[in-house]
$ cat protein05.cif   # mmCIF, C-alpha atoms
data_input
#
loop_
_atom_site.label_atom_id
_atom_site.label_comp_id
_atom_site.auth_asym_id
_atom_site.auth_seq_id
_atom_site.Cartn_x
_atom_site.Cartn_y
_atom_site.Cartn_z
CA MET A 1 74.40 171.42 125.13
CA PRO A 2 73.24 167.92 124.29
CA GLY A 3 74.15 164.88 126.34
CA ILE A 4 74.24 161.32 125.07
CA ASP A 5 70.49 160.76 125.40
CA GLU A 6 69.56 164.00 123.61
CA CYS A 7 71.91 163.05 120.79
CA LEU A 8 70.35 159.59 120.42
CA LEU A 9 66.83 161.01 120.53
CA GLU A 10 67.80 163.43 117.79
CA ALA A 11 69.07 160.52 115.71
CA MET A 12 65.68 158.84 116.20
CA ARG A 13 64.08 161.79 114.40
CA LEU A 14 65.77 160.75 111.17
CA PRO A 15 63.24 159.41 108.65
CA GLY A 16 62.79 155.66 109.10
CA ALA A 17 64.86 155.48 112.30
CA ARG A 18 64.22 152.29 114.29
CA GLY A 19 67.06 152.44 116.82
CA ALA A 20 70.10 154.50 117.75
CA ALA A 21 73.04 153.68 120.02
CA LEU A 22 76.41 155.05 121.07
CA VAL A 23 78.87 152.16 121.11
CA ASP A 24 82.49 151.65 122.13
CA TRP A 25 84.17 149.59 119.42
CA THR A 26 87.01 148.28 121.54
CA SER A 27 84.85 146.75 124.25
CA GLY A 28 81.54 146.39 122.39
CA LEU A 29 79.72 148.31 125.14
CA ALA A 30 76.58 150.31 124.33
CA LEU A 31 77.05 153.56 126.28
CA GLY A 32 73.49 154.51 125.44
CA ALA A 33 70.67 153.11 123.31
CA VAL A 34 67.13 154.13 122.33
CA GLY A 35 64.52 152.46 120.15
CA GLU A 36 64.68 148.88 118.93
CA PHE A 37 67.49 146.76 117.53
CA PRO A 38 67.72 143.64 115.37
CA GLY A 39 66.98 140.56 117.44
CA GLY A 40 65.47 142.75 120.18
CA ASP A 41 68.75 142.90 122.10
CA HIS A 42 70.61 146.19 121.89
CA GLU A 43 73.61 144.85 123.83
CA ALA A 44 74.15 141.97 121.41
CA ALA A 45 73.62 144.28 118.42
CA ALA A 46 76.18 146.72 119.87
CA ALA A 47 78.78 143.98 120.34
CA GLU A 48 78.34 142.81 116.74
CA ALA A 49 78.38 146.32 115.27
CA ALA A 50 81.48 147.07 117.35
CA GLU A 51 83.34 144.18 115.78
CA VAL A 52 82.64 145.47 112.27
CA ALA A 53 83.55 149.02 113.28
CA ARG A 54 86.81 147.87 114.85
CA LEU A 55 87.88 145.95 111.78
CA THR A 56 87.06 148.92 109.56
CA ALA A 57 88.93 151.39 111.75
CA GLU A 58 92.01 149.16 111.92
CA GLN A 59 92.41 148.29 108.25
CA ARG A 60 95.03 150.39 106.53
CA ALA A 61 93.18 150.05 103.24
CA PHE A 62 90.44 152.38 104.49
CA THR A 63 92.79 154.97 105.99
CA PRO A 64 93.10 158.27 104.09
CA ASP A 65 96.45 159.39 102.67
CA GLY A 66 98.72 161.08 105.19
CA TYR A 67 96.67 159.93 108.17
CA ASP A 68 99.66 158.52 110.05
CA ARG A 69 101.71 161.65 109.52
CA HIS A 70 98.87 163.82 110.64
CA GLN A 71 98.01 161.73 113.70
CA SER A 72 101.37 160.94 115.26
CA PRO A 73 104.00 163.53 114.42
CA GLY A 74 106.41 161.90 116.86
CA GLY A 75 106.15 158.47 115.33
CA PRO A 76 106.05 155.48 117.68
CA ALA A 77 107.60 157.58 120.47
CA GLY A 78 104.76 160.08 120.21
CA PRO A 79 102.62 159.33 123.29
CA ASP A 80 104.17 162.21 125.21
CA GLU A 81 103.15 164.74 122.61
CA PRO A 82 99.70 166.26 122.83
CA GLY A 83 97.37 164.39 120.53
CA GLY A 84 100.29 162.16 119.58
CA ALA A 85 99.56 158.46 119.48
CA ALA A 86 96.05 158.97 120.77
CA GLY A 87 94.55 158.67 117.31
CA VAL A 88 92.09 161.39 118.20
CA ASP A 89 90.39 161.48 114.81
CA PRO A 90 89.24 158.05 113.68
CA PRO A 91 90.63 157.13 110.24
CA VAL A 92 87.14 156.38 108.92
CA GLU A 93 84.13 158.71 108.98
CA ASP A 94 81.29 156.30 108.55
CA LEU A 95 80.29 152.84 107.50
CA ILE A 96 77.07 151.93 105.71
CA ILE A 97 75.57 148.48 105.63
CA SER A 98 72.40 147.78 103.70
CA ASN A 99 70.17 144.75 103.48
CA ARG A 100 66.80 144.01 101.93
CA ASP A 101 64.74 145.83 104.52
CA SER A 102 67.05 148.21 106.36
CA TYR A 103 70.19 150.34 106.53
CA HIS A 104 72.77 150.53 109.29
CA VAL A 105 74.85 153.68 109.46
CA LEU A 106 77.86 153.65 111.80
CA ARG A 107 79.34 157.11 112.31
CA PHE A 108 82.72 157.31 114.09
CA VAL A 109 82.85 160.04 116.73
CA PRO A 110 86.06 162.09 116.99
CA THR A 111 86.84 163.08 120.58
CA SER A 112 89.46 165.31 122.16
CA PHE A 113 90.26 162.54 124.68
CA ASP A 114 91.13 158.94 123.92
CA SER A 115 88.10 156.86 123.02
CA SER A 116 86.80 154.52 120.36
CA VAL A 117 83.10 155.26 119.92
CA PHE A 118 80.63 155.42 117.08
CA LEU A 119 76.97 156.29 116.61
CA HIS A 120 74.93 153.40 115.25
CA VAL A 121 71.59 154.13 113.60
CA TRP A 122 69.25 151.49 112.24
CA LEU A 123 66.94 152.80 109.50
CA GLY A 124 63.98 151.13 107.85
CA ARG A 125 64.61 150.92 104.12
CA PRO A 126 61.26 152.30 102.85
CA ASP A 127 61.66 155.64 104.70
CA GLY A 128 65.39 155.75 105.33
CA ASN A 129 67.43 158.38 103.50
CA LEU A 130 71.11 157.53 103.51
CA ALA A 131 72.37 160.89 102.29
CA LEU A 132 70.41 162.74 104.94
CA ALA A 133 71.42 160.27 107.65
CA ARG A 134 75.11 160.69 106.83
CA ILE A 135 74.95 164.45 107.00
CA ARG A 136 72.87 164.58 110.19
CA LEU A 137 74.93 161.95 112.00
CA GLY A 138 78.11 163.85 111.19
CA GLU A 139 76.62 166.98 112.69
CA MET A 140 75.38 165.08 115.75
CA ALA A 141 78.76 163.44 116.35
CA GLY A 142 80.36 166.87 116.27
CA ARG A 143 77.82 168.45 118.61
CA LEU A 144 77.98 165.53 121.05
CA VAL A 145 81.60 166.05 121.90
CA LEU A 146 82.33 169.61 120.80
CA GLY A 147 79.18 171.24 122.14
CA MET B 1 65.77 96.34 152.62
CA THR B 2 66.34 96.24 148.92
CA ALA B 3 67.35 99.81 148.38
CA VAL B 4 71.07 99.05 148.57
CA ARG B 5 70.87 96.81 145.57
CA THR B 6 72.11 99.47 143.15
CA HIS B 7 75.46 99.58 144.93
CA PRO B 8 77.89 96.79 145.65
CA GLN B 9 77.48 95.22 149.07
CA GLY B 10 79.17 97.12 151.88
CA THR B 11 79.77 100.37 149.98
CA THR B 12 78.05 103.70 150.16
CA PRO B 13 77.38 105.76 147.04
CA PRO B 14 80.01 108.42 146.42
CA PRO B 15 78.94 111.94 147.33
CA ARG B 16 77.71 114.05 144.46
CA LEU B 17 80.35 116.31 143.01
CA PRO B 18 79.71 119.94 143.87
CA VAL B 19 78.43 121.84 140.84
CA ARG B 20 78.30 125.57 140.79
CA GLU B 21 75.09 126.86 139.25
CA LYS B 22 76.78 129.32 136.92
CA SER B 23 73.88 129.98 134.60
CA GLY B 24 71.39 130.48 137.39
CA ALA B 25 73.59 132.93 139.22
CA ARG B 26 74.17 134.89 136.06
CA GLU B 27 70.53 135.22 135.19
CA HIS B 28 69.68 136.57 138.58
CA GLY B 29 72.63 138.94 138.58
CA GLY B 30 74.67 139.00 141.74
CA ALA B 31 77.12 136.54 140.27
CA LEU B 32 79.80 139.10 140.98
CA SER B 33 78.81 140.58 144.31
CA PRO B 34 75.72 139.49 146.23
CA MET B 35 76.24 142.54 148.43
CA LEU B 36 75.95 144.84 145.43
CA THR B 37 72.71 143.20 144.34
CA ARG B 38 71.27 143.68 147.82
CA LEU B 39 72.39 147.32 147.92
CA ALA B 40 70.75 147.96 144.56
CA ALA B 41 67.51 146.36 145.78
CA GLU B 42 67.39 148.55 148.86
CA ARG B 43 68.27 151.64 146.75
CA ALA B 44 71.28 152.36 148.94
CA THR B 45 73.48 155.45 148.70
CA GLY B 46 77.14 155.26 149.59
CA VAL B 47 80.37 153.65 148.50
CA LEU B 48 81.18 149.95 148.17
CA GLU B 49 84.88 149.41 148.76
CA ARG B 50 86.33 146.20 147.39
CA GLU B 51 89.86 144.90 147.09
CA ARG B 52 90.62 146.40 143.68
CA GLY B 53 88.32 149.40 143.52
CA SER B 54 85.23 151.23 144.74
CA LEU B 55 81.72 151.68 143.38
CA TYR B 56 79.74 154.77 144.34
CA LEU B 57 75.99 154.28 144.51
CA ALA B 58 73.18 156.82 144.60
CA GLU B 59 69.74 155.34 145.31
CA GLY B 60 70.95 151.93 144.23
CA ARG B 61 72.48 153.01 140.94
CA VAL B 62 76.15 153.33 140.06
CA VAL B 63 77.18 156.97 139.74
CA HIS B 64 80.94 156.59 139.88
CA ALA B 65 83.69 153.99 140.12
CA GLU B 66 87.36 154.16 140.92
CA SER B 67 90.21 151.68 140.85
CA PRO B 68 93.95 152.10 141.29
CA LEU B 69 94.28 150.00 138.13
CA ALA B 70 92.09 152.22 135.91
CA PRO B 71 93.06 155.78 134.94
CA GLY B 72 90.58 158.27 136.41
CA LEU B 73 88.47 160.82 134.60
CA ASP B 74 91.18 163.41 135.28
CA VAL B 75 93.83 161.32 133.49
CA LEU B 76 91.65 160.89 130.41
CA LEU B 77 90.56 164.52 130.25
CA LEU B 78 94.00 166.02 130.91
CA ALA B 79 96.19 163.62 128.91
CA HIS B 80 95.27 165.03 125.50
CA GLY B 81 94.37 168.53 126.56
CA THR B 82 90.57 168.23 126.71
CA LEU B 83 90.79 170.26 129.91
CA ALA B 84 93.60 172.39 131.30
CA PRO B 85 94.91 171.04 134.64
CA ALA B 86 94.14 174.36 136.36
CA VAL B 87 90.49 174.23 135.25
CA TRP B 88 90.12 170.69 136.58
CA GLN B 89 91.83 171.53 139.89
CA ASP B 90 89.60 174.55 140.32
CA ALA B 91 86.41 172.52 139.80
CA VAL B 92 87.57 169.76 142.16
CA GLY B 93 88.54 172.33 144.79
CA ARG B 94 85.18 174.12 144.66
CA ALA B 95 83.03 170.98 144.53
CA ASP B 96 80.71 170.35 147.49
CA GLU B 97 77.71 168.17 148.31
CA GLU B 98 75.32 170.26 146.25
CA TYR B 99 77.50 171.22 143.29
CA GLY B 100 79.73 168.38 142.20
CA ALA B 101 82.79 169.02 140.05
CA ALA B 102 80.95 167.73 136.98
CA ARG B 103 78.17 170.27 137.34
CA LEU B 104 80.66 173.10 137.93
CA LEU B 105 82.53 172.20 134.73
CA LEU B 106 79.30 171.98 132.73
CA ASP B 107 77.83 175.19 134.10
CA ALA B 108 81.03 177.06 133.32
CA GLY B 109 80.94 175.65 129.77
CA ARG B 110 84.41 174.15 130.20
CA VAL B 111 83.50 170.87 128.55
CA PRO B 112 80.50 169.83 126.41
CA ARG B 113 77.95 167.69 128.23
CA GLY B 114 78.19 164.83 125.72
CA ALA B 115 81.98 164.66 125.99
CA LEU B 116 81.91 164.63 129.79
CA GLU B 117 79.15 162.00 129.95
CA LEU B 118 80.95 159.83 127.44
CA CYS B 119 84.33 160.11 129.11
CA HIS B 120 82.86 159.55 132.57
CA LEU B 121 80.78 156.51 131.54
CA GLN B 122 83.89 154.96 130.08
CA THR B 123 85.82 155.44 133.30
CA VAL B 124 82.90 154.01 135.33
CA TYR B 125 82.78 150.75 133.37
CA ASP B 126 86.57 150.66 133.24
CA ALA B 127 87.03 150.97 137.01
CA ALA B 128 84.04 148.72 137.73
CA TYR B 129 85.68 145.94 135.74
CA PHE B 130 88.53 145.91 138.25
CA ALA B 131 86.42 146.69 141.31
CA LEU B 132 84.22 143.68 140.60
CA ALA B 133 87.13 141.34 139.96
CA PRO B 134 87.20 138.25 142.20
CA SER B 135 88.68 139.27 145.54
CA SER B 136 90.05 137.45 148.52
CA SER B 137 88.48 139.75 151.09
CA PRO B 138 84.85 140.87 151.53
CA GLY B 139 83.79 144.34 150.47
CA HIS B 140 82.67 147.10 152.82
CA PHE B 141 79.83 149.53 152.25
CA HIS B 142 79.79 152.99 153.76
CA TYR B 143 76.31 154.44 153.74
CA GLY B 144 75.80 158.02 152.72
CA ALA B 145 79.22 158.70 151.23
CA GLY B 146 78.95 160.74 148.04
CA HIS B 147 81.59 161.57 145.47
CA TRP B 148 82.93 165.04 144.78
CA LEU B 149 82.27 164.60 141.08
CA GLY B 150 78.49 164.44 141.53
CA ALA B 151 76.05 162.38 139.51
CA LEU B 152 76.23 162.57 135.73
CA ARG B 153 74.49 159.60 134.20
CA PRO B 154 73.71 156.83 136.72
CA VAL B 155 73.91 153.23 135.50
CA PRO B 156 71.82 150.36 136.92
CA VAL B 157 73.85 147.85 138.95
CA ASP B 158 72.80 144.86 136.83
CA VAL B 159 73.99 146.59 133.65
CA VAL B 160 77.43 147.19 135.18
CA GLU B 161 77.61 143.57 136.38
CA ARG B 162 76.53 142.19 133.01
CA GLU B 163 79.09 144.33 131.19
CA THR B 164 81.85 143.24 133.58
CA LEU B 165 81.06 139.58 132.90
CA ARG B 166 80.93 140.24 129.16
CA ARG B 167 84.34 141.91 129.32
CA ARG B 168 85.84 138.94 131.12
CA GLU B 169 84.53 136.63 128.43
CA LEU B 170 85.79 138.94 125.69
CA LEU B 171 89.33 138.90 127.10
CA ASP B 172 89.18 135.14 127.52
CA ARG B 173 88.13 134.73 123.88
CA LEU B 174 90.98 136.91 122.62
CA TRP B 175 93.70 135.06 124.53
CA PRO B 176 92.92 132.79 127.46
CA ASP B 177 96.03 133.61 129.50
CA PRO B 178 95.30 136.47 131.95
CA LEU B 179 98.97 137.08 132.69
CA THR B 180 99.20 140.12 130.40
CA ASP B 181 96.56 141.91 132.50
CA GLY B 182 98.82 142.62 135.43
CA ALA B 183 102.40 141.50 134.80
CA PRO B 184 105.17 143.64 133.28
CA LEU B 185 105.05 143.46 129.49
CA ARG B 186 107.87 143.03 127.03
CA ARG B 187 107.94 143.01 123.24
CA SER B 188 108.89 139.73 121.69
CA ASP B 189 110.00 138.69 118.25
CA ALA B 190 107.43 136.71 116.40
CA VAL B 191 107.72 134.88 113.13
CA ALA B 192 105.23 136.08 110.51
CA ALA B 193 103.28 138.14 113.02
CA PRO B 194 100.51 140.42 111.77
CA THR B 195 101.27 144.15 111.63
CA PRO B 196 100.01 145.78 114.82
CA THR B 197 97.40 148.52 114.47
CA ALA B 198 98.27 152.13 115.25
CA ARG B 199 96.75 151.85 118.70
CA GLN B 200 98.54 148.60 119.39
CA SER B 201 101.85 150.09 118.23
CA ALA B 202 101.54 152.77 120.89
CA VAL B 203 101.09 150.04 123.52
CA LEU B 204 104.03 148.06 122.14
CA ALA B 205 106.27 151.13 122.20
CA LEU B 206 105.79 151.39 125.97
CA ALA B 207 106.21 147.67 126.75
CA ASP B 208 109.66 147.78 128.30
CA GLY B 209 109.66 144.84 130.69
CA VAL B 210 108.73 147.11 133.60
CA ARG B 211 105.37 148.66 132.79
CA THR B 212 102.16 146.65 133.17
CA ALA B 213 99.08 147.11 130.97
CA PRO B 214 97.43 149.51 133.50
CA ASP B 215 100.71 151.51 133.65
CA ILE B 216 100.70 151.83 129.86
CA ALA B 217 97.04 152.86 129.87
CA ARG B 218 97.79 155.66 132.34
CA GLU B 219 100.72 156.87 130.30
CA LEU B 220 98.70 156.92 127.09
CA GLY B 221 95.65 158.48 128.78
CA ARG B 222 93.55 155.51 127.73
CA GLN B 223 91.09 153.23 129.45
CA ALA B 224 92.78 150.33 131.19
CA PHE B 225 90.41 147.78 129.67
CA HIS B 226 91.26 148.97 126.14
CA THR B 227 94.91 148.32 126.93
CA LEU B 228 94.08 144.87 128.34
CA VAL B 229 92.35 144.09 125.04
CA ASP B 230 95.32 145.28 123.01
CA ALA B 231 97.76 143.38 125.24
CA ARG B 232 95.81 140.14 124.82
CA ARG B 233 95.57 140.58 121.05
CA LEU B 234 99.31 141.30 120.87
CA ALA B 235 100.06 138.29 123.06
CA ALA B 236 97.92 136.12 120.78
CA ALA B 237 99.88 137.46 117.80
CA GLY B 238 103.14 136.61 119.55
CA LEU B 239 104.28 140.25 119.67
CA LEU B 240 104.09 140.69 123.43
CA THR B 241 104.86 138.56 126.47
CA ALA B 242 104.22 138.99 130.15
CA LEU B 243 107.13 138.53 132.52
CA PHE B 244 106.33 135.89 135.06
CA PRO B 245 107.24 135.78 137.80
CA PRO B 246 107.49 139.58 137.63
CA PRO B 247 111.04 140.82 138.06
CA ARG B 248 111.80 142.11 141.53
CA THR B 249 110.98 145.78 141.93
CA ASP B 250 114.41 147.08 141.31
CA ARG B 251 114.80 150.63 140.12
CA ALA B 252 117.80 149.58 138.06
CA ALA B 253 115.36 147.82 135.77
CA ALA B 254 113.67 151.12 135.03
CA VAL B 255 116.73 152.84 133.64
CA PRO B 256 115.66 154.02 130.20
CA GLY B 257 117.50 152.49 127.31
CA LEU B 258 118.89 149.65 129.36
CA PRO B 259 117.26 146.34 128.51
CA PRO B 260 115.58 144.95 131.61
CA ARG B 261 117.26 141.62 130.98
CA HIS B 262 120.67 143.12 131.70
CA ALA B 263 119.46 145.15 134.60
CA PHE B 264 117.96 142.08 136.16
CA ALA B 265 121.07 140.01 135.61
CA ARG B 266 123.22 142.64 137.18
CA SER B 267 121.02 143.15 140.20
CA THR B 268 120.83 139.47 141.05
CA GLY B 269 124.39 138.60 140.21
CA THR B 270 123.60 134.93 139.81
CA ALA B 271 121.67 135.26 136.60
CA ALA B 272 124.74 134.96 134.44
CA ALA B 273 125.42 131.45 135.67
CA GLU B 274 121.84 130.30 135.88
CA PRO B 275 119.01 131.91 133.90
CA SER B 276 116.36 133.17 136.28
CA PRO B 277 112.68 132.38 135.68
CA GLY B 278 111.90 135.94 134.63
CA ILE B 279 114.33 135.71 131.77
CA THR B 280 113.43 132.35 130.35
CA LEU B 281 109.80 133.22 129.85
CA PRO B 282 109.87 135.04 126.53
CA ARG B 283 110.46 131.56 125.12
CA VAL B 284 106.83 130.88 125.89
CA ASN B 285 106.09 132.30 122.48
CA ASP B 286 107.83 129.40 120.90
CA PRO B 287 105.12 128.26 118.46
CA ASP B 288 105.19 124.69 119.79
CA ILE B 289 104.76 125.75 123.39
CA THR B 290 102.06 128.21 122.46
CA LEU B 291 100.19 125.49 120.62
CA LEU B 292 100.48 123.13 123.58
CA LYS B 293 99.25 125.83 125.95
CA ARG B 294 96.25 126.53 123.76
CA LEU B 295 95.53 122.83 123.54
CA ARG B 296 95.72 122.54 127.31
CA ASP B 297 93.41 125.54 127.76
CA ALA B 298 90.94 124.11 125.27
CA LEU B 299 90.95 120.75 127.06
CA GLU B 300 90.45 122.44 130.40
CA ALA B 301 87.54 124.39 129.00
CA LEU B 302 85.70 121.20 127.97
#

$ encode --input "protein05.cif" --output "structure tokens"
Amino acid sequence: MPGIDECLLEAMRLPGARGAALVDWTSGLALGAVGEFPGGDHEAAAAEAAEVARLTAEQRAFTPDGYDRHQSPGGPAGPDEPGGAAGVDPPVEDLIISNRDSYHVLRFVPTSFDSSVFLHVWLGRPDGNLALARIRLGEMAGRLVLG
Amino acid sequence: MTAVRTHPQGTTPPPRLPVREKSGAREHGGALSPMLTRLAAERATGVLERERGSLYLAEGRVVHAESPLAPGLDVLLLAHGTLAPAVWQDAVGRADEEYGAARLLLDAGRVPRGALELCHLQTVYDAAYFALAPSSSPGHFHYGAGHWLGALRPVPVDVVERETLRRRELLDRLWPDPLTDGAPLRRSDAVAAPTPTARQSAVLALADGVRTAPDIARELGRQAFHTLVDARRLAAAGLLTALFPPPRTDRAAAVPGLPPRHAFARSTGTAAAEPSPGITLPRVNDPDITLLKRLRDALEAL
């Protein structure tokens, strides 16, 4: 079963991968990071990526239909119910940012406990393959926490 | 003797004002706990007990942290059914020096490695934030003491210290008043406040004038720091206030459905004639007062 480091190393095998990190979007903490990051500082990159991820996860405009019903059957009084107000599945799957020379793919990680983490992969544009990265990151996020 | 010419006759120059070398201390680490820096340098193993929490070290690296203010790994893993309580109890009961509870859980396939590492790392940084808070008494280090959980993914001391400092700054940026970190929280009516997010709504629903942010975190099975962040954001939006001074610990105030205001008034008896300090404070969210407070904080920060 993979741990955090194995998962990040697997992400680094994606074509064009420059860096990969597991980041908490509430605090901006990088729980793990491998490779390089823009500006050479993975902690600063994590804090900035976390801010974008947080805004995306909190905007109702990006939330799928029926998400609230599905997530908190008990409404605001739901914290006592299993999986109630925890928001176990993030409302957004992934977030893609592109610029002239690279892609950033942020993949939200669903967990069975309360957390707010995403996988962040930085891909060089010449070799990066967004479709492949999306599929692989989804699989990795699942394996990381579900085994 | 011409050296005194720069000062008026008969006076001595005023002593230099003490200046704390903040930047220097931060660069060299150890801004939080010189003892911790020394222990890391000597690759010590044991537990550092401070006023608001403990850090467990193995060969100078942080392997575990605990604080009464931060929900433990058990709270996070059990709250939403990641693990069954019996499975957790069994692993804790069988853990010894060689096989920590973490290794027992992993070997038995009870929880995926990634999930356990992730959850544990979060609790380490969460508890360390409180353990490394400024304290009034010195810490104590007990050499050799291990933790029944066992090592999962050790973190260098300087990384934990840096993250703790970053978290303090983050909270300060969100809302500079630290009162919501530890005082009982109560919802307040705000004019034209933004809609709280789903996660914030869960925090608001439990703010009853009795529970503090760490209490709410425990109840929701969340990290305490996440709840501190939400509480500060909600305070900044005017949706939440901290009761200060905290109401006296009176069980009457905890009666569900009874507004704490009434419970407090009844228990003191005098509150009807003269509003007590705990009751007047929700007015702090008066936009004018809030603006003045922010102005004051900004001036102080200059």

$ interface_residues --input "protein05.cif" --of "chain B" --to "chain A" --cutoff "7 Å" --atoms "only C-alpha atoms" --output "list of chain:residue names"
B:Leu76, B:Leu77, B:His80, B:Gly81, B:Thr82, B:Pro112, B:Arg113, B:Gly114, B:Ala115, B:Glu117, B:Thr197, B:Ser201, B:Ala202, B:Ala205, B:Leu220, B:Gly221, B:Arg222, B:His226

$ residues_near_point --input "protein05.cif" --point "(74.0, 151.6, 105.8)" --cutoff "12 Å" --atoms "all atoms listed in the file" --output "PyMOL selection string"
chain A and resi 17+49+94-107+120-125+128-134

$ atom_distance --input "protein05.cif" --atom1 "atom CA of Ala128 of chain B" --atom2 "atom CA of Arg50 of chain B"
10.2 Å

$ closest_residue --input "protein05.cif" --among "A:Leu9, A:Val34, A:Val23, A:Ile135" --to "Phe118 of chain A" --atoms "only C-alpha atoms"
A:Val23

$ residues_around --input "protein05.cif" --residues "Thr63 of chain A" --least-positions-apart "4" --cutoff "7 Å" --atoms "only C-alpha atoms" --output "list of chain:residue names"
A:Tyr67, A:Pro91, A:Val92

$ atom_distance --input "protein05.cif" --atom1 "atom CA of His64 of chain B" --atom2 "atom CA of His147 of chain B"
7.5 Å

$ resolve_selection --input "protein05.cif" --expression "the PyMOL selection byres ((chain B and resi 54-56) around 8)" --output "ChimeraX atom specification"
/B:45-50,52-53,57-58,62-67,127-128,131,145-147

$ resolve_selection --input "protein05.cif" --expression "the PyMOL selection byres ((chain B and resi 180) around 10)" --output "PyMOL selection string"
chain B and resi 175+177-179+181-186+212-213+227-232+234-235+240-244

$ atom_distance --input "protein05.cif" --atom1 "atom CA of Arg103 of chain B" --atom2 "atom CA of Ala79 of chain B"
21.0 Å

$ closest_residue --input "protein05.cif" --among "A:Val109, A:Gly138, A:Met12, A:Pro90" --to "Phe62 of chain A" --atoms "all atoms listed in the file"
A:Pro90

$ closest_residue --input "protein05.cif" --among "B:Val92, B:Leu121, B:Ala133, B:Ala70" --to "Arg168 of chain B" --atoms "all atoms listed in the file"
B:Ala133
